[in-house]
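Data from start_37.csv: CSV, C-alpha atoms
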chain,number,residue,atom,x,y,z
D,264,MET,CA,97.1,112.1,91.3
D,265,PRO,CA,96.6,109.4,88.6
D,266,SER,CA,95.8,110.7,85.1
D,267,VAL,CA,93.1,109.5,82.7
D,268,LEU,CA,95.9,107.7,80.8
D,269,ASP,CA,97.0,105.9,84.0
D,270,TYR,CA,93.4,104.6,84.5
D,271,GLY,CA,93.3,103.6,80.9
D,272,ASP,CA,96.5,101.6,81.3
D,273,LEU,CA,94.9,99.8,84.2
D,274,ILE,CA,91.9,98.8,82.2
D,275,PHE,CA,94.0,97.9,79.2
D,276,ASP,CA,96.0,95.4,81.2
D,277,ARG,CA,94.3,92.2,80.2
D,278,VAL,CA,95.9,90.1,82.9
D,279,ARG,CA,94.9,92.4,85.8
D,280,THR,CA,91.4,93.4,84.5
D,281,GLY,CA,90.5,90.0,83.2
D,282,SER,CA,91.5,88.3,86.5
D,283,TYR,CA,89.5,90.7,88.7
D,284,ALA,CA,86.5,90.4,86.4
D,285,GLU,CA,86.6,86.6,86.5
D,286,ALA,CA,87.0,86.6,90.2
D,287,LEU,CA,83.9,88.8,90.5
D,288,ARG,CA,81.9,86.4,88.2
D,289,ARG,CA,82.9,83.4,90.2
D,290,THR,CA,82.2,84.8,93.6
D,291,MET,CA,79.3,87.1,93.3
D,292,LYS,CA,75.7,85.8,93.6
D,293,PRO,CA,72.7,87.6,92.2
D,294,GLY,CA,71.3,89.9,94.8
D,295,SER,CA,74.7,90.5,96.5
D,296,ILE,CA,75.7,93.9,97.8
D,297,VAL,CA,79.1,94.9,96.6
D,298,LEU,CA,81.7,97.4,97.9
D,299,ASP,CA,84.2,98.6,95.2
D,300,ILE,CA,87.1,100.4,96.9
D,301,GLY,CA,89.0,102.6,94.5
D,302,THR,CA,86.5,102.3,91.7
D,303,GLY,CA,88.3,104.5,89.3
D,304,PRO,CA,86.3,104.7,86.1
D,305,GLY,CA,83.8,102.3,87.6
D,306,ILE,CA,84.2,99.2,85.5
D,307,PHE,CA,84.0,96.6,88.3
D,308,ALA,CA,81.0,98.4,89.9
D,309,ILE,CA,79.2,98.3,86.5
D,310,LEU,CA,80.2,94.6,86.1
D,311,ALA,CA,78.8,93.8,89.5
D,312,CYS,CA,75.5,95.4,88.5
D,313,GLN,CA,75.5,93.4,85.2
D,314,LEU,CA,76.0,90.2,87.3
D,315,GLY,CA,72.9,91.0,89.3
D,316,ALA,CA,74.1,92.9,92.3
D,317,SER,CA,71.2,94.4,94.2
D,318,GLY,CA,73.4,97.4,95.2
D,319,VAL,CA,76.9,98.6,94.8
D,320,PHE,CA,78.9,101.2,96.8
D,321,ALA,CA,81.6,102.6,94.6
D,322,LEU,CA,84.3,104.6,96.5
D,323,GLU,CA,86.9,106.8,94.9
D,324,MET,CA,88.8,109.8,96.1
D,325,GLU,CA,89.9,111.1,92.7
D,326,GLU,CA,87.8,113.1,90.3
D,327,ILE,CA,87.8,110.1,87.9
D,328,ILE,CA,84.7,109.2,89.9
D,329,GLN,CA,82.7,111.6,87.6
D,330,ILE,CA,83.7,109.5,84.6
D,331,ALA,CA,82.5,106.4,86.6
D,332,ARG,CA,79.1,108.1,87.1
D,333,GLU,CA,78.9,108.8,83.4
D,334,ASN,CA,79.9,105.3,82.4
D,335,ALA,CA,77.3,103.8,84.7
D,336,ALA,CA,74.6,105.7,83.0
D,337,HIS,CA,75.2,103.8,79.7
D,338,TYR,CA,74.8,100.3,81.1
D,339,SER,CA,71.9,98.3,82.4
D,340,CYS,CA,71.4,95.5,85.0
D,341,PRO,CA,69.7,92.2,84.0
D,342,ASP,CA,66.3,93.6,85.0
D,343,GLY,CA,66.7,96.7,82.8
D,344,THR,CA,67.6,99.0,85.6
D,345,VAL,CA,70.2,101.6,84.6
D,346,CYS,CA,73.4,100.7,86.5
D,347,ALA,CA,73.8,104.3,87.6
D,348,ASN,CA,70.6,103.9,89.6
D,349,ARG,CA,71.9,100.9,91.5
D,350,ILE,CA,75.4,102.3,92.3
D,351,GLU,CA,76.0,104.8,95.0
D,352,PHE,CA,79.2,106.7,94.1
D,353,ILE,CA,81.0,108.1,97.2
D,354,GLU,CA,83.9,110.5,96.8
D,355,ASP,CA,85.9,109.8,99.9
D,356,PHE,CA,88.3,107.4,101.6
D,357,SER,CA,86.7,104.2,102.6
D,358,THR,CA,87.9,104.6,106.2
D,359,ASN,CA,85.9,107.9,106.4
D,360,VAL,CA,82.7,106.4,105.2
D,361,THR,CA,79.7,104.8,107.0
D,362,LEU,CA,77.6,102.5,104.8
D,363,PRO,CA,73.9,102.0,105.4
D,364,SER,CA,74.3,98.2,105.2
D,365,GLN,CA,76.9,95.5,105.3
D,366,VAL,CA,78.1,94.0,102.0
D,367,ASP,CA,78.6,90.5,100.6
D,368,VAL,CA,81.7,91.3,98.4
D,369,VAL,CA,84.6,93.7,98.8
D,370,ILE,CA,86.7,94.2,95.6
D,371,SER,CA,89.7,96.5,95.6
D,372,ASP,CA,92.9,97.1,93.7
D,373,LEU,CA,94.8,99.6,95.6
D,374,HIS,CA,98.3,98.4,94.5
D,375,GLY,CA,101.3,100.1,93.3
D,376,ALA,CA,103.9,97.8,91.9
D,377,LEU,CA,103.4,95.9,95.2
D,378,PRO,CA,100.4,95.4,97.5
D,379,LEU,CA,102.5,97.3,100.2
D,380,TYR,CA,101.4,100.7,98.9
D,381,GLY,CA,99.9,103.6,100.7
D,382,ARG,CA,97.1,102.8,103.1
D,383,HIS,CA,96.0,99.7,101.1
D,384,ILE,CA,96.2,97.2,103.9
D,385,PRO,CA,94.6,99.5,106.6
D,386,SER,CA,91.7,100.2,104.2
D,387,ILE,CA,91.1,96.4,103.6
D,388,VAL,CA,91.3,95.7,107.3
D,389,ASP,CA,88.8,98.5,108.1
D,390,ALA,CA,86.4,97.4,105.3
D,391,ARG,CA,86.6,93.8,106.5
D,392,GLU,CA,85.8,94.7,110.0
D,393,ARG,CA,83.1,97.3,109.5
D,394,PHE,CA,81.4,96.4,106.2
D,395,LEU,CA,81.8,92.8,105.2
D,396,ARG,CA,79.1,90.3,106.3
D,397,PRO,CA,80.2,87.2,108.1
D,398,GLY,CA,81.1,84.7,105.4
D,399,GLY,CA,81.5,87.5,102.8
D,400,VAL,CA,84.1,87.6,100.1
D,401,LEU,CA,87.3,89.6,99.7
D,402,ILE,CA,88.8,90.1,96.2
D,403,PRO,CA,91.7,89.5,96.3
D,404,ARG,CA,91.9,86.9,99.1
D,405,LYS,CA,95.6,86.6,99.5
D,406,GLU,CA,98.8,87.9,98.0
D,407,THR,CA,102.3,86.3,98.3
D,408,LEU,CA,105.5,88.3,98.1
D,409,TRP,CA,108.6,86.8,96.4
D,410,ALA,CA,112.2,88.0,95.8
D,411,ALA,CA,115.3,87.1,93.9
D,412,VAL,CA,118.8,88.4,93.2
D,413,VAL,CA,119.1,90.1,89.8
D,414,GLU,CA,121.6,91.2,87.2
D,415,MET,CA,120.3,94.5,85.9
D,416,PRO,CA,123.3,96.6,84.7
D,417,THR,CA,121.2,99.0,82.5
D,418,LEU,CA,118.8,100.0,85.2
D,419,TYR,CA,121.6,100.2,87.8
D,420,ASN,CA,123.8,102.4,85.6
D,421,ARG,CA,120.9,104.7,84.9
D,422,LEU,CA,120.6,105.2,88.7
D,423,VAL,CA,124.2,106.0,89.3
D,424,ASP,CA,125.8,107.3,86.1
D,425,THR,CA,124.2,110.8,86.5
D,426,TRP,CA,126.1,111.2,89.7
D,427,GLU,CA,129.3,109.4,88.7
D,428,HIS,CA,129.9,110.2,85.0
D,429,ASN,CA,128.0,113.4,84.1
D,430,ILE,CA,129.1,115.6,81.2
D,431,LEU,CA,130.7,118.1,83.6
D,432,ASP,CA,132.9,115.4,85.1
D,433,MET,CA,131.6,116.2,88.5
D,434,PRO,CA,131.3,113.1,90.7
D,435,LEU,CA,128.4,113.9,93.1
D,436,ALA,CA,128.6,111.4,95.9
D,437,SER,CA,125.7,112.8,97.9
D,438,GLY,CA,123.3,112.3,94.9
D,439,ARG,CA,124.6,108.8,94.3
D,440,LYS,CA,123.9,107.9,98.0
D,441,LEU,CA,120.3,109.0,97.5
D,442,ALA,CA,120.0,107.1,94.3
D,443,VAL,CA,121.1,103.7,95.6
D,444,ASN,CA,118.8,104.0,98.6
D,445,GLY,CA,115.7,104.4,96.4
D,446,ILE,CA,113.6,101.7,94.9
D,447,GLN,CA,112.4,101.5,91.2
D,448,GLN,CA,109.6,99.8,89.4
D,449,THR,CA,111.0,97.5,86.6
D,450,HIS,CA,110.0,94.7,84.3
D,451,PRO,CA,112.9,92.2,84.4
D,452,GLU,CA,113.3,89.2,82.2
D,453,ARG,CA,113.5,85.7,83.6
D,454,ASP,CA,117.2,85.3,82.5
D,455,GLN,CA,118.2,88.3,84.7
D,456,LEU,CA,117.5,86.3,87.9
D,457,LEU,CA,120.7,85.0,89.6
D,458,SER,CA,118.8,82.9,92.2
D,459,ALA,CA,115.6,80.9,92.7
D,460,PRO,CA,112.7,82.9,94.1
D,461,ALA,CA,112.5,83.1,97.9
D,462,LEU,CA,109.3,83.7,99.8
D,463,TRP,CA,109.3,86.9,101.8
D,464,GLY,CA,105.8,87.2,103.1
D,465,THR,CA,102.1,86.3,102.7
D,466,LEU,CA,99.2,88.8,103.0
D,467,ASN,CA,96.1,86.9,104.0
D,468,TYR,CA,93.4,89.6,103.8
D,469,SER,CA,90.9,87.6,105.8
D,470,THR,CA,93.1,87.8,108.9
D,471,ILE,CA,95.8,90.4,108.3
D,472,GLU,CA,96.0,93.2,110.9
D,473,ASP,CA,99.5,94.7,110.7
D,474,PRO,CA,100.4,96.6,107.5
D,475,ASP,CA,104.1,96.1,108.2
D,476,VAL,CA,106.1,93.2,106.8
D,477,SER,CA,109.6,92.0,107.8
D,478,GLY,CA,111.6,88.9,107.2
D,479,GLU,CA,114.9,87.4,106.1
D,480,LEU,CA,115.6,86.3,102.6
D,481,SER,CA,118.3,83.8,101.7
D,482,TRP,CA,119.5,82.7,98.3
D,483,ASN,CA,122.2,80.5,96.7
D,484,VAL,CA,123.6,82.2,93.6
D,485,GLU,CA,123.0,80.0,90.6
D,486,ARG,CA,125.7,81.3,88.2
D,487,ASP,CA,128.8,83.6,88.1
D,488,ALA,CA,127.6,87.1,87.4
D,489,GLU,CA,127.6,90.7,88.5
D,490,GLY,CA,124.7,91.3,90.9
D,491,HIS,CA,123.1,94.7,91.2
D,492,GLY,CA,120.4,94.0,93.9
D,493,PHE,CA,117.2,92.1,94.2
D,494,ILE,CA,113.6,92.4,93.0
D,495,VAL,CA,110.3,91.8,94.8
D,496,TRP,CA,107.0,90.8,93.1
D,497,PHE,CA,103.7,89.3,94.1
D,498,ASP,CA,101.3,86.5,93.3
D,499,SER,CA,97.7,87.4,93.7
D,500,ASP,CA,95.0,84.9,94.7
D,501,LEU,CA,91.6,86.4,93.8
D,502,ALA,CA,89.2,83.5,93.9
D,503,ASP,CA,89.0,79.7,93.5
D,504,GLY,CA,90.8,79.1,90.2
D,505,VAL,CA,91.6,82.7,89.6
D,506,SER,CA,95.1,84.1,90.2
D,507,PHE,CA,97.9,86.0,88.4
D,508,SER,CA,101.5,86.9,89.0
D,509,ASN,CA,103.8,89.8,88.0
D,510,ALA,CA,106.8,87.4,88.3
D,511,PRO,CA,109.6,87.7,85.7
D,512,GLY,CA,108.8,85.4,82.8
D,513,LYS,CA,105.1,85.8,83.2
D,514,THR,CA,102.9,87.9,80.9
D,515,LYS,CA,103.9,91.5,81.7
D,516,THR,CA,101.4,93.5,83.8
D,517,ILE,CA,101.1,97.1,84.6
D,518,TYR,CA,102.5,96.5,88.1
D,519,GLY,CA,106.0,95.3,87.2
D,520,SER,CA,108.4,94.4,90.0
D,521,VAL,CA,110.3,96.5,92.5
D,522,PHE,CA,114.1,96.7,92.2
D,523,PHE,CA,116.2,97.2,95.4
D,524,PRO,CA,119.7,98.2,94.4
D,525,TRP,CA,122.9,97.5,96.3
D,526,ILE,CA,125.3,100.3,97.3
D,527,GLN,CA,127.8,98.7,94.8
D,528,PRO,CA,127.5,96.0,92.2
D,529,LEU,CA,128.9,92.7,93.5
D,530,GLN,CA,130.9,90.0,91.7
D,531,LEU,CA,129.0,86.9,92.6
D,532,LYS,CA,130.1,83.3,92.1
D,533,GLN,CA,128.0,80.2,91.8
D,534,ASP,CA,126.8,78.9,95.2
D,535,ASP,CA,127.6,82.2,97.0
D,536,ILE,CA,125.1,82.9,99.7
D,537,VAL,CA,123.2,86.2,99.8
D,538,ARG,CA,121.1,87.1,102.8
D,539,VAL,CA,118.8,90.1,103.1
D,540,GLN,CA,116.8,91.4,106.0
D,541,LEU,CA,114.0,93.2,104.3
D,542,GLU,CA,111.5,95.4,106.2
D,543,ALA,CA,108.5,97.5,105.0
D,544,LYS,CA,107.0,99.8,107.6
D,545,LEU,CA,104.0,102.0,107.0
D,546,ILE,CA,104.6,105.6,108.3
D,547,GLY,CA,101.6,107.8,107.8
D,548,SER,CA,100.5,107.1,104.3
D,549,GLU,CA,103.8,105.9,102.8
D,550,TYR,CA,106.0,102.9,103.3
D,551,ALA,CA,109.6,103.2,104.4
D,552,TRP,CA,111.8,100.3,103.3
D,553,ARG,CA,115.0,99.0,104.9
D,554,TRP,CA,117.2,96.2,103.5
D,555,ALA,CA,120.4,94.9,105.0
D,556,THR,CA,122.5,92.7,102.7
D,557,GLN,CA,125.2,90.1,103.6
D,558,VAL,CA,127.2,88.0,101.1
D,559,LYS,CA,129.2,84.9,101.9
D,560,SER,CA,131.6,83.2,99.5
D,561,SER,CA,131.0,79.6,98.7
D,562,GLY,CA,133.7,77.4,100.2
D,563,GLY,CA,135.1,80.4,102.1
D,564,ASP,CA,136.0,80.9,105.7
D,565,GLY,CA,132.4,81.3,106.8
D,566,ASN,CA,132.5,85.1,107.2
D,567,PHE,CA,130.4,87.5,105.2
D,568,ARG,CA,132.6,89.4,102.8
D,569,GLU,CA,130.1,92.2,102.0
D,570,LYS,CA,127.6,94.0,104.2
D,571,PHE,CA,125.3,96.8,103.1
D,572,ALA,CA,122.6,98.6,105.1
D,573,GLN,CA,120.2,100.7,103.1
D,574,SER,CA,116.9,102.5,103.5
D,575,THR,CA,114.5,104.6,101.5
D,576,LEU,CA,114.7,107.1,104.4
D,577,THR,CA,118.4,107.5,103.6
D,578,GLY,CA,117.3,108.0,100.0
D,579,SER,CA,115.1,110.9,100.9
D,580,VAL,CA,116.1,114.6,100.9
D,581,PHE,CA,115.4,116.3,104.3
D,582,SER,CA,115.8,120.0,105.1
D,583,LEU,CA,117.0,120.7,108.6
D,584,PRO,CA,114.7,123.7,109.0
D,585,GLN,CA,111.7,121.6,108.0
D,586,LEU,CA,112.8,118.7,110.3
D,587,ARG,CA,113.1,121.1,113.2
D,588,LYS,CA,109.5,122.2,112.6
D,589,GLN,CA,108.4,118.5,113.3
D,590,SER,CA,110.3,118.2,116.5
D,591,ALA,CA,108.3,117.6,119.7
D,592,THR,CA,110.0,120.6,121.4
D,593,TYR,CA,109.4,123.0,118.5
D,594,VAL,CA,107.0,125.9,119.3
D,595,PRO,CA,105.0,126.6,116.1
D,596,GLN,CA,103.7,130.0,115.1
D,597,LEU,CA,101.5,130.6,112.1
D,598,SER,CA,103.1,132.2,109.1
D,599,SER,CA,101.3,134.9,107.2
D,600,GLU,CA,100.0,132.2,104.8
D,601,GLY,CA,98.7,130.2,107.8
D,602,ILE,CA,96.9,133.2,109.2
D,603,LEU,CA,95.2,133.8,105.9
D,604,ASP,CA,94.2,130.2,105.6
D,605,ARG,CA,92.8,130.3,109.1
D,606,LYS,CA,90.8,133.4,108.3
D,607,ILE,CA,89.3,131.8,105.2
D,608,LEU,CA,88.4,128.6,107.1
D,609,GLU,CA,86.7,130.7,109.8
D,610,MET,CA,84.5,132.3,107.1
D,611,MET,CA,83.4,128.9,105.9
D,612,ASP,CA,80.6,128.9,108.5
D,613,GLY,CA,77.8,127.2,106.6
D,614,HIS,CA,76.2,130.6,105.6
D,615,THR,CA,78.8,132.5,103.6
D,616,THR,CA,79.2,131.6,99.9
D,617,LEU,CA,82.7,131.2,98.3
D,618,GLU,CA,82.0,134.2,96.1
D,619,GLU,CA,81.4,136.4,99.2
D,620,ILE,CA,84.6,135.1,100.8
D,621,ALA,CA,86.6,135.6,97.7
D,622,ARG,CA,85.3,139.2,97.2
D,623,LYS,CA,86.1,140.1,100.8
D,624,LEU,CA,89.6,138.7,100.4
D,625,THR,CA,90.2,140.7,97.2
D,626,ALA,CA,89.1,143.9,99.0
D,627,GLU,CA,91.2,143.2,102.1
D,628,HIS,CA,94.3,141.8,100.5
D,629,PRO,CA,94.8,143.5,97.1
D,630,GLU,CA,98.6,142.8,97.3
D,631,LYS,CA,97.9,139.1,97.1
D,632,PHE,CA,94.7,138.9,95.0
D,633,ILE,CA,94.8,141.3,92.0
D,634,ARG,CA,91.6,139.9,90.6
D,635,TRP,CA,88.5,138.4,92.3
D,636,HIS,CA,89.0,135.2,90.2
D,637,ASP,CA,92.4,134.7,91.8
D,638,ALA,CA,90.9,134.8,95.3
D,639,MET,CA,88.1,132.5,94.1
D,640,LYS,CA,90.6,129.9,92.9
D,641,PHE,CA,92.4,130.1,96.2
D,642,VAL,CA,89.3,129.7,98.5
D,643,GLY,CA,88.0,127.0,96.1
D,644,ALA,CA,91.1,124.9,96.7
D,645,LEU,CA,90.6,125.2,100.5
D,646,SER,CA,86.9,124.4,100.1
D,647,ARG,CA,87.7,121.2,98.2
D,648,LYS,CA,90.1,120.1,100.9
D,649,TYR,CA,88.1,121.0,104.1
D,650,SER,CA,84.4,121.5,103.4
D,651,ARG,CA,81.9,118.7,103.7
D,652,GLU,CA,78.9,117.8,101.7
D,653,VAL,CA,75.6,119.2,103.0
Turn the structure described in the file into structure tokens.
Amino acid sequence: MPSVLDYGDLIFDRVRTGSYAEALRRTMKPGSIVLDIGTGPGIFAILACQLGASGVFALEMEEIIQIARENAAHYSCPDGTVCANRIEFIEDFSTNVTLPSQVDVVISDLHGALPLYGRHIPSIVDARERFLRPGGVLIPRKETLWAAVVEMPTLYNRLVDTWEHNILDMPLASGRKLAVNGIQQTHPERDQLLSAPALWGTLNYSTIEDPDVSGELSWNVERDAEGHGFIVWFDSDLADGVSFSNAPGKTKTIYGSVFFPWIQPLQLKQDDIVRVQLEAKLIGSEYAWRWATQVKSSGGDGNFREKFAQSTLTGSVFSLPQLRKQSATYVPQLSSEGILDRKILEMMDGHTTLEEIARKLTAEHPEKFIRWHDAMKFVGALSRKYSREV
């Protein structure tokens, strides 16, 4: 869950915030209806009102939405209406929501370091199909993904040194294997690139359907150096004349780039050929990444001298008992905790208050709930997760 400091960092990023604000100014017409997905503290919803929106739907799953409500009460629309009276704040995922009308503009920033983050793309596709009027505007419109080979010894050593050179002199190969199959956000400098950028993929939000991206990258190494992996970044096209990039050498943004390490550092020579098959696949609400690397020497015999196959799935820790519980042939049986949760949910019948439920639990399960307040906290958490607004 993002903290208030995280949201503050987003707002403080002049490149990111300024670009989105300018795109809204250039595309929104007075009287427009705007959908702000992931409104956070509500700054773009408020700006839309100040630009003359007739209505704004501001969606946010996190509790920062309360700050957005409070912020909107302090600003006015051009006709003097308080922004809070023109914005409908909805605490839910956009894919769970039904709006009373279609909208003219959909603005969203659901990124992590890359646009391939969580259910960002499915959310945009759903909003485009269900909420956006024909001829309506998406902000951003398109994002382009680029990659380059990099020399990043400090970051790479930080990944592996804990497992290879710790103070107890215990090489831990299993931990190292996990580390080099993980990805890291970073802010590389332009002079750390060992190749020209290569285009990996384009996300055109007006037509995109599939959240998965796959493609081959190929680079010619530009100088002799030790290569540690490659990075991926994006260029964002928000509106006519409005764009920004988190590419190395550009003004730094909160997003950074994503570093994909290799299993081992490679001694690269000028004109060596590096090829990577890179794949991002959305599984549930998280992306799994796979990258297969091949390196061919310049002027060599034509064979690839290095081959690596890596995946963030390999970089994840799995418990065999927990994996068995997800098997299609596994026959599940509720644990004592599951039985208790079910009992509480059955008491949430639309007539019984949380206090009544909590006091009953305290009486029936004194071994678990010493005080009524302990039971109240427990049932309150289930209520937040499963109850609906009435």
Subject >> Long-range neighbours of D:Ile526 as a ChimeraX atom specification, 9 Å cut-off, all atoms listed in the file, 5 positions minimum in chain >> reply: /D:440,443-444,491-492,571-573
Compile the contact shell of stretch 353-367 of chain D as a PDB file with C-alpha atoms, in the frame of the given file: residues with an atom at most 7 Å away, counting all atoms listed in the file, same-chain residues fewer than 2 positions apart removed.
ATOM      1  CA  SER D 295      74.700  90.500  96.500  1.00  0.00           C
ATOM      2  CA  ILE D 296      75.700  93.900  97.800  1.00  0.00           C
ATOM      3  CA  VAL D 297      79.100  94.900  96.600  1.00  0.00           C
ATOM      4  CA  LEU D 298      81.700  97.400  97.900  1.00  0.00           C
ATOM      5  CA  ILE D 300      87.100 100.400  96.900  1.00  0.00           C
ATOM      6  CA  ALA D 321      81.600 102.600  94.600  1.00  0.00           C
ATOM      7  CA  LEU D 322      84.300 104.600  96.500  1.00  0.00           C
ATOM      8  CA  GLU D 323      86.900 106.800  94.900  1.00  0.00           C
ATOM      9  CA  MET D 324      88.800 109.800  96.100  1.00  0.00           C
ATOM     10  CA  GLU D 351      76.000 104.800  95.000  1.00  0.00           C
ATOM     11  CA  SER D 386      91.700 100.200 104.200  1.00  0.00           C
ATOM     12  CA  ASP D 389      88.800  98.500 108.100  1.00  0.00           C
ATOM     13  CA  PHE D 394      81.400  96.400 106.200  1.00  0.00           C
ATOM     14  CA  LEU D 395      81.800  92.800 105.200  1.00  0.00           C
ATOM     15  CA  ARG D 396      79.100  90.300 106.300  1.00  0.00           C
ATOM     16  CA  GLY D 399      81.500  87.500 102.800  1.00  0.00           C
ATOM     17  CA  VAL D 400      84.100  87.600 100.100  1.00  0.00           C
TER      18      VAL D 400
END
**OP:** Would you kindly return, as number ranges by chain, each protein, DNA or RNA residue with an atom no farther than 9 Å from any atom of D:Asp473, considering all atoms listed in the file and excluding same-chain residues fewer than 6 positions away?
**Re:** D: 384-385, 388
Next, dump the selected residues to file, keeping only C-alpha atoms, as a compact mmCIF listing (two decimals), in the coordinates of the input.
# COMPACT_ATOMS: atom_id res chain seq x y z
CA ILE D 384 96.20 97.20 103.90
CA PRO D 385 94.60 99.50 106.60
CA VAL D 388 91.30 95.70 107.30
Original post:
Neighbours of D:Leu401 within 8 Å (all atoms listed in the file; same-chain residues fewer than 3 positions away dropped), as number ranges by chain?
Top reply: D: 368-370, 404, 468-469, 501
**OP:** Identify the residues around (72.3, 94.1, 90.3) within a radius of 10 Å, measuring from only C-alpha atoms in the coordinates stated by the file, and give them as a list in words.
**Re:** Lys292, Pro293, Gly294, Ser295, Ile296, Val297, Ala308, Ile309, Leu310, Ala311, Cys312, Gln313, Leu314, Gly315, Ala316, Ser317, Gly318, Val319, Ser339, Cys340, Pro341, Asp342, Gly343, Thr344, Val345, Cys346, Asn348, Arg349 and Ile350 of chain D
Please list as a PDB file with C-alpha atoms, keeping the file's coordinate frame every residue within 7 Å of stretch 514-518 of chain D, counting all atoms listed in the file and excluding residues in the same chain fewer than 3 positions away.
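out.pdb written:
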ATOM      1  CA  LEU D 273      94.900  99.800  84.200  1.00  0.00           C
ATOM      2  CA  ASP D 276      96.000  95.400  81.200  1.00  0.00           C
ATOM      3  CA  VAL D 278      95.900  90.100  82.900  1.00  0.00           C
ATOM      4  CA  ARG D 279      94.900  92.400  85.800  1.00  0.00           C
ATOM      5  CA  GLY D 375     101.300 100.100  93.300  1.00  0.00           C
ATOM      6  CA  ALA D 376     103.900  97.800  91.900  1.00  0.00           C
ATOM      7  CA  ASN D 509     103.800  89.800  88.000  1.00  0.00           C
TER       8      ASN D 509
END
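Among the candidate residues D:Leu431, D:Ile402, D:Ala555, D:Ala459, the one lying nearest to D:Ser506 is D:Ile402, with distances computed using only C-alpha atoms.
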Original post:
What does the distance from atom CA of D:Val558 to atom CA of D:Ile446 come to in Å, to one decimal?
Top reply: 20.3 Å
With the input short on atoms, add N, CA and C atoms back to stretch 546-560 of chain D and write it as a compact mmCIF listing (two decimals), in the frame of the given file.
# COMPACT_ATOMS: atom_id res chain seq x y z
N ILE D 546 104.49 104.37 107.47
CA ILE D 546 104.60 105.60 108.30
C ILE D 546 103.68 106.61 107.67
N GLY D 547 102.61 106.90 108.37
CA GLY D 547 101.60 107.80 107.80
C GLY D 547 100.90 107.11 106.65
N SER D 548 101.07 107.66 105.47
CA SER D 548 100.50 107.10 104.30
C SER D 548 101.48 106.55 103.29
N GLU D 549 102.74 106.43 103.71
CA GLU D 549 103.80 105.90 102.80
C GLU D 549 104.60 104.85 103.54
N TYR D 550 105.14 103.93 102.73
CA TYR D 550 106.00 102.90 103.30
C TYR D 550 107.46 103.33 103.27
N ALA D 551 108.13 103.06 104.37
CA ALA D 551 109.60 103.20 104.40
C ALA D 551 110.17 101.78 104.35
N TRP D 552 111.19 101.61 103.52
CA TRP D 552 111.80 100.30 103.30
C TRP D 552 113.23 100.29 103.82
N ARG D 553 113.61 99.17 104.42
CA ARG D 553 115.00 99.00 104.90
C ARG D 553 115.44 97.60 104.37
N TRP D 554 116.68 97.53 103.86
CA TRP D 554 117.20 96.20 103.50
C TRP D 554 118.70 96.18 103.82
N ALA D 555 119.04 95.14 104.56
CA ALA D 555 120.40 94.90 105.00
C ALA D 555 120.92 93.63 104.33
N THR D 556 122.01 93.74 103.58
CA THR D 556 122.50 92.70 102.70
C THR D 556 123.82 92.12 103.27
N GLN D 557 123.97 90.79 103.23
CA GLN D 557 125.20 90.10 103.60
C GLN D 557 125.53 89.10 102.48
N VAL D 558 126.79 88.98 102.12
CA VAL D 558 127.20 88.00 101.10
C VAL D 558 128.36 87.18 101.62
N LYS D 559 128.19 85.86 101.47
CA LYS D 559 129.20 84.90 101.90
C LYS D 559 129.70 84.10 100.73
N SER D 560 131.01 83.96 100.59
CA SER D 560 131.60 83.20 99.50
C SER D 560 131.36 81.70 99.68
